Each structure stands twice: as structure tokens, then as C-alpha cells.
file final_14.pdb (PDB, C-alpha atoms, pLDDT in the B column)
ATOM      1  CA  MET D   1     222.246 193.903   0.152  1.00 46.00           C
ATOM      2  CA  LYS D   2     219.763 195.158   2.664  1.00 61.00           C
ATOM      3  CA  SER D   3     220.266 198.556   4.230  1.00 64.00           C
ATOM      4  CA  LYS D   4     221.813 198.595   7.682  1.00 66.00           C
ATOM      5  CA  HIS D   5     219.063 201.061   8.526  1.00 74.00           C
ATOM      6  CA  ASP D   6     216.254 198.571   7.800  1.00 82.00           C
ATOM      7  CA  PRO D   7     214.198 198.240  11.020  1.00 86.00           C
ATOM      8  CA  ARG D   8     214.212 194.433  10.845  1.00 85.00           C
ATOM      9  CA  HIS D   9     217.996 194.407  10.475  1.00 87.00           C
ATOM     10  CA  LYS D  10     218.358 196.817  13.409  1.00 88.00           C
ATOM     11  CA  ARG D  11     216.100 194.580  15.519  1.00 88.00           C
ATOM     12  CA  ARG D  12     218.190 191.526  14.706  1.00 89.00           C
ATOM     13  CA  ARG D  13     221.424 193.404  15.438  1.00 89.00           C
ATOM     14  CA  ALA D  14     220.069 194.445  18.841  1.00 88.00           C
ATOM     15  CA  ALA D  15     218.994 190.872  19.615  1.00 88.00           C
ATOM     16  CA  ILE D  16     222.422 189.503  18.636  1.00 88.00           C
ATOM     17  CA  LYS D  17     224.123 192.025  20.917  1.00 87.00           C
ATOM     18  CA  GLU D  18     221.852 191.089  23.818  1.00 86.00           C
ATOM     19  CA  LEU D  19     222.293 187.361  23.272  1.00 87.00           C
ATOM     20  CA  PHE D  20     226.055 187.806  23.075  1.00 85.00           C
ATOM     21  CA  ALA D  21     226.176 189.937  26.231  1.00 85.00           C
ATOM     22  CA  SER D  22     223.933 187.539  28.134  1.00 83.00           C
ATOM     23  CA  SER D  23     226.366 184.708  27.376  1.00 79.00           C
ATOM     24  CA  PHE D  24     228.683 186.500  29.832  1.00 78.00           C
ATOM     25  CA  VAL D  25     226.241 188.047  32.323  1.00 71.00           C
ATOM     26  CA  ASP D  26     222.556 187.384  32.880  1.00 75.00           C
ATOM     27  CA  GLN D  27     220.630 190.518  31.995  1.00 70.00           C
ATOM     28  CA  SER D  28     217.231 191.720  30.911  1.00 69.00           C
ATOM     29  CA  LYS D  29     216.489 191.276  27.218  1.00 72.00           C
ATOM     30  CA  ASP D  30     214.123 192.666  24.617  1.00 81.00           C
ATOM     31  CA  GLU D  31     211.208 190.513  23.465  1.00 88.00           C
ATOM     32  CA  LEU D  32     213.015 188.775  20.590  1.00 88.00           C
ATOM     33  CA  ALA D  33     216.145 187.977  22.603  1.00 89.00           C
ATOM     34  CA  GLN D  34     213.968 186.680  25.461  1.00 91.00           C
ATOM     35  CA  LYS D  35     212.073 184.360  23.094  1.00 93.00           C
ATOM     36  CA  VAL D  36     215.383 183.001  21.827  1.00 94.00           C
ATOM     37  CA  THR D  37     216.615 182.514  25.395  1.00 92.00           C
ATOM     38  CA  ASP D  38     213.401 180.703  26.350  1.00 94.00           C
ATOM     39  CA  ALA D  39     213.933 178.208  23.491  1.00 96.00           C
ATOM     40  CA  ILE D  40     217.700 177.888  23.940  1.00 95.00           C
ATOM     41  CA  GLU D  41     217.782 174.123  24.631  1.00 97.00           C
ATOM     42  CA  GLU D  42     215.865 173.330  21.438  1.00 97.00           C
ATOM     43  CA  LEU D  43     217.962 175.768  19.411  1.00 97.00           C
ATOM     44  CA  ASP D  44     221.276 174.446  20.738  1.00 97.00           C
ATOM     45  CA  HIS D  45     220.113 170.908  19.996  1.00 97.00           C
ATOM     46  CA  GLU D  46     219.390 171.833  16.369  1.00 97.00           C
ATOM     47  CA  ILE D  47     222.749 173.587  16.050  1.00 97.00           C
ATOM     48  CA  THR D  48     224.574 170.613  17.572  1.00 97.00           C
ATOM     49  CA  ILE D  49     222.985 168.230  15.078  1.00 97.00           C
ATOM     50  CA  SER D  50     223.894 170.499  12.156  1.00 96.00           C
ATOM     51  CA  ALA D  51     227.449 171.221  13.326  1.00 95.00           C
ATOM     52  CA  PRO D  52     228.568 168.085  15.180  1.00 92.00           C
ATOM     53  CA  GLN D  53     232.251 168.938  14.736  1.00 93.00           C
ATOM     54  CA  TRP D  54     231.715 172.166  16.732  1.00 92.00           C
ATOM     55  CA  PRO D  55     230.395 171.566  20.274  1.00 93.00           C
ATOM     56  CA  ILE D  56     228.235 174.444  21.521  1.00 93.00           C
ATOM     57  CA  ASP D  57     230.712 175.320  24.273  1.00 92.00           C
ATOM     58  CA  LYS D  58     233.538 175.614  21.702  1.00 93.00           C
ATOM     59  CA  LEU D  59     231.727 177.952  19.310  1.00 94.00           C
ATOM     60  CA  ASN D  60     232.621 181.627  19.249  1.00 93.00           C
ATOM     61  CA  ARG D  61     229.892 183.302  21.313  1.00 94.00           C
ATOM     62  CA  ILE D  62     228.916 185.818  18.653  1.00 94.00           C
ATOM     63  CA  ASP D  63     228.658 183.023  16.062  1.00 96.00           C
ATOM     64  CA  LEU D  64     226.485 181.068  18.482  1.00 96.00           C
ATOM     65  CA  ALA D  65     224.237 184.082  19.117  1.00 95.00           C
ATOM     66  CA  ILE D  66     223.751 184.551  15.361  1.00 97.00           C
ATOM     67  CA  LEU D  67     222.951 180.850  14.908  1.00 98.00           C
ATOM     68  CA  GLN D  68     220.546 180.807  17.849  1.00 97.00           C
ATOM     69  CA  LEU D  69     218.607 183.829  16.614  1.00 96.00           C
ATOM     70  CA  ALA D  70     218.389 182.544  13.048  1.00 98.00           C
ATOM     71  CA  THR D  71     217.428 179.032  14.159  1.00 98.00           C
ATOM     72  CA  TYR D  72     214.673 180.511  16.314  1.00 98.00           C
ATOM     73  CA  GLU D  73     213.367 182.530  13.369  1.00 97.00           C
ATOM     74  CA  ILE D  74     213.424 179.498  11.046  1.00 97.00           C
ATOM     75  CA  LEU D  75     211.579 177.275  13.518  1.00 97.00           C
ATOM     76  CA  HIS D  76     209.200 179.717  15.191  1.00 97.00           C
ATOM     77  CA  THR D  77     208.366 182.645  12.912  1.00 96.00           C
ATOM     78  CA  ASP D  78     206.697 183.224   9.568  1.00 95.00           C
ATOM     79  CA  THR D  79     209.735 185.030   8.177  1.00 95.00           C
ATOM     80  CA  PRO D  80     210.801 183.284   4.961  1.00 96.00           C
ATOM     81  CA  PRO D  81     213.769 181.036   5.799  1.00 96.00           C
ATOM     82  CA  LYS D  82     215.843 182.359   2.901  1.00 95.00           C
ATOM     83  CA  VAL D  83     215.472 185.884   4.350  1.00 96.00           C
ATOM     84  CA  VAL D  84     216.496 184.627   7.794  1.00 97.00           C
ATOM     85  CA  ILE D  85     219.596 182.915   6.407  1.00 97.00           C
ATOM     86  CA  ASP D  86     220.530 185.936   4.303  1.00 97.00           C
ATOM     87  CA  GLU D  87     220.217 188.215   7.337  1.00 96.00           C
ATOM     88  CA  ALA D  88     222.255 185.816   9.490  1.00 97.00           C
ATOM     89  CA  VAL D  89     225.028 185.741   6.889  1.00 97.00           C
ATOM     90  CA  GLU D  90     225.016 189.563   6.779  1.00 95.00           C
ATOM     91  CA  LEU D  91     225.262 189.684  10.590  1.00 95.00           C
ATOM     92  CA  ALA D  92     228.077 187.125  10.437  1.00 96.00           C
ATOM     93  CA  LYS D  93     229.956 189.343   7.978  1.00 96.00           C
ATOM     94  CA  GLU D  94     229.450 192.293  10.304  1.00 93.00           C
ATOM     95  CA  TYR D  95     230.321 190.646  13.631  1.00 93.00           C
ATOM     96  CA  GLY D  96     232.049 187.332  12.951  1.00 92.00           C
ATOM     97  CA  GLY D  97     235.402 186.202  11.703  1.00 92.00           C
ATOM     98  CA  GLU D  98     236.482 185.549   8.148  1.00 94.00           C
ATOM     99  CA  SER D  99     234.997 182.053   7.976  1.00 94.00           C
ATOM    100  CA  THR D 100     231.865 182.831  10.001  1.00 95.00           C
ATOM    101  CA  PRO D 101     229.550 183.708   7.066  1.00 97.00           C
ATOM    102  CA  SER D 102     230.130 180.396   5.268  1.00 97.00           C
ATOM    103  CA  PHE D 103     229.883 178.454   8.546  1.00 97.00           C
ATOM    104  CA  VAL D 104     226.594 180.158   9.465  1.00 97.00           C
ATOM    105  CA  ASN D 105     225.224 179.599   5.954  1.00 97.00           C
ATOM    106  CA  GLY D 106     226.107 175.889   6.044  1.00 97.00           C
ATOM    107  CA  VAL D 107     224.697 175.230   9.511  1.00 97.00           C
ATOM    108  CA  LEU D 108     221.464 177.118   8.825  1.00 98.00           C
ATOM    109  CA  GLY D 109     221.082 175.435   5.433  1.00 97.00           C
ATOM    110  CA  ASP D 110     221.212 172.059   7.171  1.00 97.00           C
ATOM    111  CA  ILE D 111     218.770 173.170   9.880  1.00 97.00           C
ATOM    112  CA  LEU D 112     216.369 174.412   7.200  1.00 97.00           C
ATOM    113  CA  LYS D 113     216.654 171.175   5.231  1.00 96.00           C
ATOM    114  CA  ARG D 114     215.842 169.056   8.291  1.00 95.00           C
ATOM    115  CA  TYR D 115     212.995 171.408   9.287  1.00 94.00           C
ATOM    116  CA  GLU D 116     211.458 171.209   5.809  1.00 93.00           C
ATOM    117  CA  GLU D 117     211.709 167.397   5.878  1.00 91.00           C
ATOM    118  CA  ARG D 118     209.954 167.278   9.270  1.00 88.00           C
ATOM    119  CA  THR D 119     207.156 169.606   8.186  1.00 84.00           C
ATOM    120  CA  LYS D 120     206.770 167.709   4.911  1.00 82.00           C
ATOM    121  CA  ASP D 121     206.437 164.428   6.838  1.00 71.00           C
ATOM    122  CA  LYS D 122     203.787 165.984   9.122  1.00 72.00           C
ATOM    123  CA  ASP D 123     201.805 167.158   6.096  1.00 67.00           C
ATOM    124  CA  ASN D 124     201.748 163.646   4.589  1.00 60.00           C
TER     125      ASN D 124
END

call {"tool": "encode", "arguments": {"input": "final_14.pdb", "output": "C-alpha cells"}}
result
Amino acid sequence: MKSKHDPRHKRRRAAIKELFASSFVDQSKDELAQKVTDAIEELDHEITISAPQWPIDKLNRIDLAILQLATYEILHTDTPPKVVIDEAVELAKEYGGESTPSFVNGVLGDILKRYEERTKDKDN
């Protein structure tokens, strides 16, 4: 398990807290949280496709913030997807409910699978 003192983990924790808080009240955000917010429609679309039984407005807000951040990192950063998913699961264990880690893992696994298929098709 990664250290809770790892700077990347701290950055993700801060972004999750800001995304969660901004789901209640609009507020200023750090750079990472702002990038996630700017891409929110695309991210929510990906989450909706991967978790059709859970409409976005019915998801626990902290679970949604974790999924949005991780989906952003999978789609828009060079961070290895397995690292992103592992970090999201760790954040889910820290902030979510009992079933949150497996839910987050499943949704992100599906998002990654579809993303890899799309990028594979573009390469061919």
C-alpha cells in the first residue's frame, strides 16, 4: 500500500475533498480539481455508461468525486491507469462506504477497458 504521506496521494485527497465540497457549494478549486470540473460532462457520461444501474444524481457524492477524478486521470493524463485505479480504490476505502472500493474498481475497470478499445481502434 502506498504511504498516505506520498505527495501524489495527498494531491488526490485534496482534489477529492474539493470536488466533494463543490458538489454542495460552488467554490474555488486547485488546478487538478478545476481540470476535473471543466471536463465534468465527459466524465459523467463515461461513468453513466459504466454504471448504468446508478444514475449520477443517485450516487453518493464522495463516490462520484472519486470516480470523476480517476476517470479524468485515465482519460487525460499519462499516469498509468492501473496506478489511477489503485489510488481510487485506496481513496474509496478511506472515504467511502463498505461497498465503495469494489464499486469504484468495477466502474473504473470498465472505463479503462472501453478507453483502451477506443485508443486501439484509433491506432489501427

call {"tool": "closest_atom_pairs", "arguments": {"input": "final_14.pdb", "of": "range 1-50 of chain D", "to": "range 63-86 of chain D", "cutoff": "7 Å", "atoms": "all atoms listed in the file", "output": "CSV"}}
result
residue,atom,partner,partner_atom,distance
D:Ile16,CA,D:Ala65,CA,5.7
D:Leu19,CA,D:Ala65,CA,5.6
D:Phe20,CA,D:Ala65,CA,5.7
D:Val36,CA,D:Tyr72,CA,6.1
D:Leu43,CA,D:Gln68,CA,5.9

call {"tool": "atom_distance", "arguments": {"input": "final_14.pdb", "atom1": "CA of Lys17 in chain D", "atom2": "CA of Ile62 in chain D"}}
result
8.2 Å

call {"tool": "resolve_selection", "arguments": {"input": "final_14.pdb", "expression": "the PyMOL selection byres ((chain D and resi 33) around 9)", "output": "list in words"}}
result
Arg12, Ala14, Ala15, Ile16, Glu18, Leu19, Lys29, Asp30, Glu31, Leu32, Gln34, Lys35, Val36, Thr37, Asp38 and Leu69 of chain D

call {"tool": "write_last_selection", "arguments": {"input": "final_14.pdb", "atoms": "C-alpha atoms", "output": "short mmCIF file (atom, residue, chain, number, x, y, z; two decimals), in the coordinates of the input"}}
result
data_model
loop_
_atom_site.label_atom_id
_atom_site.label_comp_id
_atom_site.auth_asym_id
_atom_site.auth_seq_id
_atom_site.Cartn_x
_atom_site.Cartn_y
_atom_site.Cartn_z
CA ARG D 12 218.19 191.53 14.71
CA ALA D 14 220.07 194.44 18.84
CA ALA D 15 218.99 190.87 19.61
CA ILE D 16 222.42 189.50 18.64
CA GLU D 18 221.85 191.09 23.82
CA LEU D 19 222.29 187.36 23.27
CA LYS D 29 216.49 191.28 27.22
CA ASP D 30 214.12 192.67 24.62
CA GLU D 31 211.21 190.51 23.46
CA LEU D 32 213.02 188.78 20.59
CA GLN D 34 213.97 186.68 25.46
CA LYS D 35 212.07 184.36 23.09
CA VAL D 36 215.38 183.00 21.83
CA THR D 37 216.62 182.51 25.40
CA ASP D 38 213.40 180.70 26.35
CA LEU D 69 218.61 183.83 16.61
#

call {"tool": "closest_residue", "arguments": {"input": "final_14.pdb", "among": "D:Ile40, D:Ala21, D:Leu108, D:Val89", "to": "Ile56 in chain D", "atoms": "all atoms listed in the file"}}
result
D:Ile40

call {"tool": "residues_near_point", "arguments": {"input": "final_14.pdb", "point": "(222.8, 168.0, 12.6)", "cutoff": "10 Å", "atoms": "all atoms listed in the file", "output": "MDAnalysis selection string"}}
result
chainID D and resid 45:53 107:108 110:111 114

call {"tool": "closest_residue", "arguments": {"input": "final_14.pdb", "among": "D:Asp121, D:Glu87, D:Ser99, D:Ala92", "to": "Asp6 in chain D", "atoms": "all atoms listed in the file"}}
result
D:Glu87

call {"tool": "atom_distance", "arguments": {"input": "final_14.pdb", "atom1": "CA of Pro101 in chain D", "atom2": "CA of Ala88 in chain D"}}
result
8.0 Å

call {"tool": "decode", "arguments": {"input": "final_14.pdb", "residues": "chain D", "atoms": "C-alpha atoms", "output": "PDB file, in the first residue's frame"}}
result
ATOM      1  CA  MET D   1       0.000   0.000   0.000  1.00  0.00           C
ATOM      2  CA  LYS D   2       1.180   3.475  -0.767  1.00  0.00           C
ATOM      3  CA  SER D   3       2.007   5.821   2.071  1.00  0.00           C
ATOM      4  CA  LYS D   4      -0.663   8.337   2.996  1.00  0.00           C
ATOM      5  CA  HIS D   5       2.176  10.845   3.024  1.00  0.00           C
ATOM      6  CA  ASP D   6       3.012  10.328  -0.670  1.00  0.00           C
ATOM      7  CA  PRO D   7       2.672  13.744  -2.379  1.00  0.00           C
ATOM      8  CA  ARG D   8       0.600  12.305  -5.235  1.00  0.00           C
ATOM      9  CA  HIS D   9      -1.787  10.681  -2.761  1.00  0.00           C
ATOM     10  CA  LYS D  10      -2.075  13.943  -0.808  1.00  0.00           C
ATOM     11  CA  ARG D  11      -2.823  15.813  -4.048  1.00  0.00           C
ATOM     12  CA  ARG D  12      -5.563  13.358  -4.954  1.00  0.00           C
ATOM     13  CA  ARG D  13      -7.034  13.529  -1.442  1.00  0.00           C
ATOM     14  CA  ALA D  14      -7.161  17.328  -1.662  1.00  0.00           C
ATOM     15  CA  ALA D  15      -8.820  17.173  -5.090  1.00  0.00           C
ATOM     16  CA  ILE D  16     -11.433  14.683  -3.842  1.00  0.00           C
ATOM     17  CA  LYS D  17     -12.249  16.954  -0.903  1.00  0.00           C
ATOM     18  CA  GLU D  18     -12.632  19.960  -3.197  1.00  0.00           C
ATOM     19  CA  LEU D  19     -14.770  18.075  -5.702  1.00  0.00           C
ATOM     20  CA  PHE D  20     -16.959  16.768  -2.893  1.00  0.00           C
ATOM     21  CA  ALA D  21     -17.348  20.215  -1.315  1.00  0.00           C
ATOM     22  CA  SER D  22     -18.098  21.843  -4.660  1.00  0.00           C
ATOM     23  CA  SER D  23     -20.970  19.395  -5.175  1.00  0.00           C
ATOM     24  CA  PHE D  24     -22.695  21.363  -2.388  1.00  0.00           C
ATOM     25  CA  VAL D  25     -21.369  24.903  -2.909  1.00  0.00           C
ATOM     26  CA  ASP D  26     -19.526  26.426  -5.843  1.00  0.00           C
ATOM     27  CA  GLN D  27     -16.039  27.361  -4.711  1.00  0.00           C
ATOM     28  CA  SER D  28     -12.554  27.973  -5.995  1.00  0.00           C
ATOM     29  CA  LYS D  29     -10.539  24.836  -6.690  1.00  0.00           C
ATOM     30  CA  ASP D  30      -6.918  23.828  -7.102  1.00  0.00           C
ATOM     31  CA  GLU D  31      -5.617  23.086 -10.598  1.00  0.00           C
ATOM     32  CA  LEU D  32      -6.440  19.362 -10.625  1.00  0.00           C
ATOM     33  CA  ALA D  33      -9.960  19.793  -9.245  1.00  0.00           C
ATOM     34  CA  GLN D  34     -10.591  22.607 -11.748  1.00  0.00           C
ATOM     35  CA  LYS D  35      -9.491  20.395 -14.659  1.00  0.00           C
ATOM     36  CA  VAL D  36     -11.881  17.696 -13.471  1.00  0.00           C
ATOM     37  CA  THR D  37     -14.691  20.243 -13.154  1.00  0.00           C
ATOM     38  CA  ASP D  38     -14.002  21.569 -16.659  1.00  0.00           C
ATOM     39  CA  ALA D  39     -14.401  18.038 -18.094  1.00  0.00           C
ATOM     40  CA  ILE D  40     -17.334  17.039 -15.882  1.00  0.00           C
ATOM     41  CA  GLU D  41     -19.841  16.351 -18.692  1.00  0.00           C
ATOM     42  CA  GLU D  42     -17.470  13.936 -20.436  1.00  0.00           C
ATOM     43  CA  LEU D  43     -16.540  12.261 -17.153  1.00  0.00           C
ATOM     44  CA  ASP D  44     -20.152  11.851 -16.023  1.00  0.00           C
ATOM     45  CA  HIS D  45     -21.009  10.406 -19.429  1.00  0.00           C
ATOM     46  CA  GLU D  46     -18.266   7.780 -19.080  1.00  0.00           C
ATOM     47  CA  ILE D  47     -19.388   6.945 -15.544  1.00  0.00           C
ATOM     48  CA  THR D  48     -23.021   6.657 -16.644  1.00  0.00           C
ATOM     49  CA  ILE D  49     -22.102   4.208 -19.397  1.00  0.00           C
ATOM     50  CA  SER D  50     -20.039   2.097 -16.989  1.00  0.00           C
ATOM     51  CA  ALA D  51     -22.586   2.154 -14.153  1.00  0.00           C
ATOM     52  CA  PRO D  52     -25.993   2.344 -15.850  1.00  0.00           C
ATOM     53  CA  GLN D  53     -27.781   0.985 -12.777  1.00  0.00           C
ATOM     54  CA  TRP D  54     -26.556   4.006 -10.762  1.00  0.00           C
ATOM     55  CA  PRO D  55     -27.698   7.364 -12.201  1.00  0.00           C
ATOM     56  CA  ILE D  56     -25.216  10.164 -11.490  1.00  0.00           C
ATOM     57  CA  ASP D  57     -27.706  12.029  -9.300  1.00  0.00           C
ATOM     58  CA  LYS D  58     -28.216   8.907  -7.137  1.00  0.00           C
ATOM     59  CA  LEU D  59     -24.535   8.213  -6.478  1.00  0.00           C
ATOM     60  CA  ASN D  60     -23.037   9.091  -3.118  1.00  0.00           C
ATOM     61  CA  ARG D  61     -21.240  12.398  -3.715  1.00  0.00           C
ATOM     62  CA  ILE D  62     -17.893  11.243  -2.364  1.00  0.00           C
ATOM     63  CA  ASP D  63     -18.057   8.116  -4.553  1.00  0.00           C
ATOM     64  CA  LEU D  64     -18.851  10.323  -7.536  1.00  0.00           C
ATOM     65  CA  ALA D  65     -15.941  12.661  -6.757  1.00  0.00           C
ATOM     66  CA  ILE D  66     -13.554   9.689  -6.593  1.00  0.00           C
ATOM     67  CA  LEU D  67     -14.885   8.318  -9.894  1.00  0.00           C
ATOM     68  CA  GLN D  68     -14.694  11.706 -11.604  1.00  0.00           C
ATOM     69  CA  LEU D  69     -11.094  12.299 -10.553  1.00  0.00           C
ATOM     70  CA  ALA D  70      -9.967   8.812 -11.542  1.00  0.00           C
ATOM     71  CA  THR D  71     -11.831   8.932 -14.860  1.00  0.00           C
ATOM     72  CA  TYR D  72     -10.171  12.261 -15.625  1.00  0.00           C
ATOM     73  CA  GLU D  73      -6.746  10.801 -14.856  1.00  0.00           C
ATOM     74  CA  ILE D  74      -7.382   7.723 -17.026  1.00  0.00           C
ATOM     75  CA  LEU D  75      -8.574   9.774 -19.997  1.00  0.00           C
ATOM     76  CA  HIS D  76      -6.395  12.875 -19.773  1.00  0.00           C
ATOM     77  CA  THR D  77      -3.093  12.145 -18.032  1.00  0.00           C
ATOM     78  CA  ASP D  78      -0.044   9.974 -18.574  1.00  0.00           C
ATOM     79  CA  THR D  79      -0.408   8.325 -15.172  1.00  0.00           C
ATOM     80  CA  PRO D  80      -0.573   4.551 -15.679  1.00  0.00           C
ATOM     81  CA  PRO D  81      -4.240   3.518 -15.459  1.00  0.00           C
ATOM     82  CA  LYS D  82      -3.506   0.712 -13.000  1.00  0.00           C
ATOM     83  CA  VAL D  83      -1.962   3.297 -10.634  1.00  0.00           C
ATOM     84  CA  VAL D  84      -5.006   5.547 -11.030  1.00  0.00           C
ATOM     85  CA  ILE D  85      -7.397   2.696 -10.242  1.00  0.00           C
ATOM     86  CA  ASP D  86      -5.318   1.548  -7.278  1.00  0.00           C
ATOM     87  CA  GLU D  87      -5.273   5.084  -5.868  1.00  0.00           C
ATOM     88  CA  ALA D  88      -9.027   5.472  -6.417  1.00  0.00           C
ATOM     89  CA  VAL D  89      -9.694   2.218  -4.565  1.00  0.00           C
ATOM     90  CA  GLU D  90      -7.480   3.411  -1.687  1.00  0.00           C
ATOM     91  CA  LEU D  91      -9.399   6.713  -1.565  1.00  0.00           C
ATOM     92  CA  ALA D  92     -12.664   4.757  -1.645  1.00  0.00           C
ATOM     93  CA  LYS D  93     -11.506   2.705   1.345  1.00  0.00           C
ATOM     94  CA  GLU D  94     -10.613   5.912   3.158  1.00  0.00           C
ATOM     95  CA  TYR D  95     -13.718   7.981   2.372  1.00  0.00           C
ATOM     96  CA  GLY D  96     -16.425   5.679   1.029  1.00  0.00           C
ATOM     97  CA  GLY D  97     -18.725   3.059   2.417  1.00  0.00           C
ATOM     98  CA  GLU D  98     -18.121  -0.649   2.754  1.00  0.00           C
ATOM     99  CA  SER D  99     -19.009  -1.470  -0.850  1.00  0.00           C
ATOM    100  CA  THR D 100     -17.428   1.637  -2.386  1.00  0.00           C
ATOM    101  CA  PRO D 101     -13.972   0.146  -3.140  1.00  0.00           C
ATOM    102  CA  SER D 102     -15.370  -2.745  -5.197  1.00  0.00           C
ATOM    103  CA  PHE D 103     -17.864  -0.437  -6.937  1.00  0.00           C
ATOM    104  CA  VAL D 104     -15.128   2.065  -7.839  1.00  0.00           C
ATOM    105  CA  ASN D 105     -12.842  -0.737  -9.038  1.00  0.00           C
ATOM    106  CA  GLY D 106     -15.570  -2.209 -11.261  1.00  0.00           C
ATOM    107  CA  VAL D 107     -16.649   1.094 -12.802  1.00  0.00           C
ATOM    108  CA  LEU D 108     -13.079   2.231 -13.474  1.00  0.00           C
ATOM    109  CA  GLY D 109     -12.149  -1.183 -14.877  1.00  0.00           C
ATOM    110  CA  ASP D 110     -14.970  -0.839 -17.398  1.00  0.00           C
ATOM    111  CA  ILE D 111     -13.993   2.747 -18.254  1.00  0.00           C
ATOM    112  CA  LEU D 112     -10.394   1.631 -18.799  1.00  0.00           C
ATOM    113  CA  LYS D 113     -11.470  -1.284 -20.986  1.00  0.00           C
ATOM    114  CA  ARG D 114     -13.580   0.965 -23.222  1.00  0.00           C
ATOM    115  CA  TYR D 115     -10.813   3.603 -23.349  1.00  0.00           C
ATOM    116  CA  GLU D 116      -8.227   1.007 -24.387  1.00  0.00           C
ATOM    117  CA  GLU D 117     -10.577  -0.300 -27.100  1.00  0.00           C
ATOM    118  CA  ARG D 118     -11.084   3.235 -28.457  1.00  0.00           C
ATOM    119  CA  THR D 119      -7.368   4.022 -28.498  1.00  0.00           C
ATOM    120  CA  LYS D 120      -6.612   0.640 -30.069  1.00  0.00           C
ATOM    121  CA  ASP D 121      -9.158   1.341 -32.829  1.00  0.00           C
ATOM    122  CA  LYS D 122      -7.587   4.773 -33.471  1.00  0.00           C
ATOM    123  CA  ASP D 123      -4.143   3.188 -33.780  1.00  0.00           C
ATOM    124  CA  ASN D 124      -5.364   0.703 -36.415  1.00  0.00           C
TER     125      ASN D 124
END
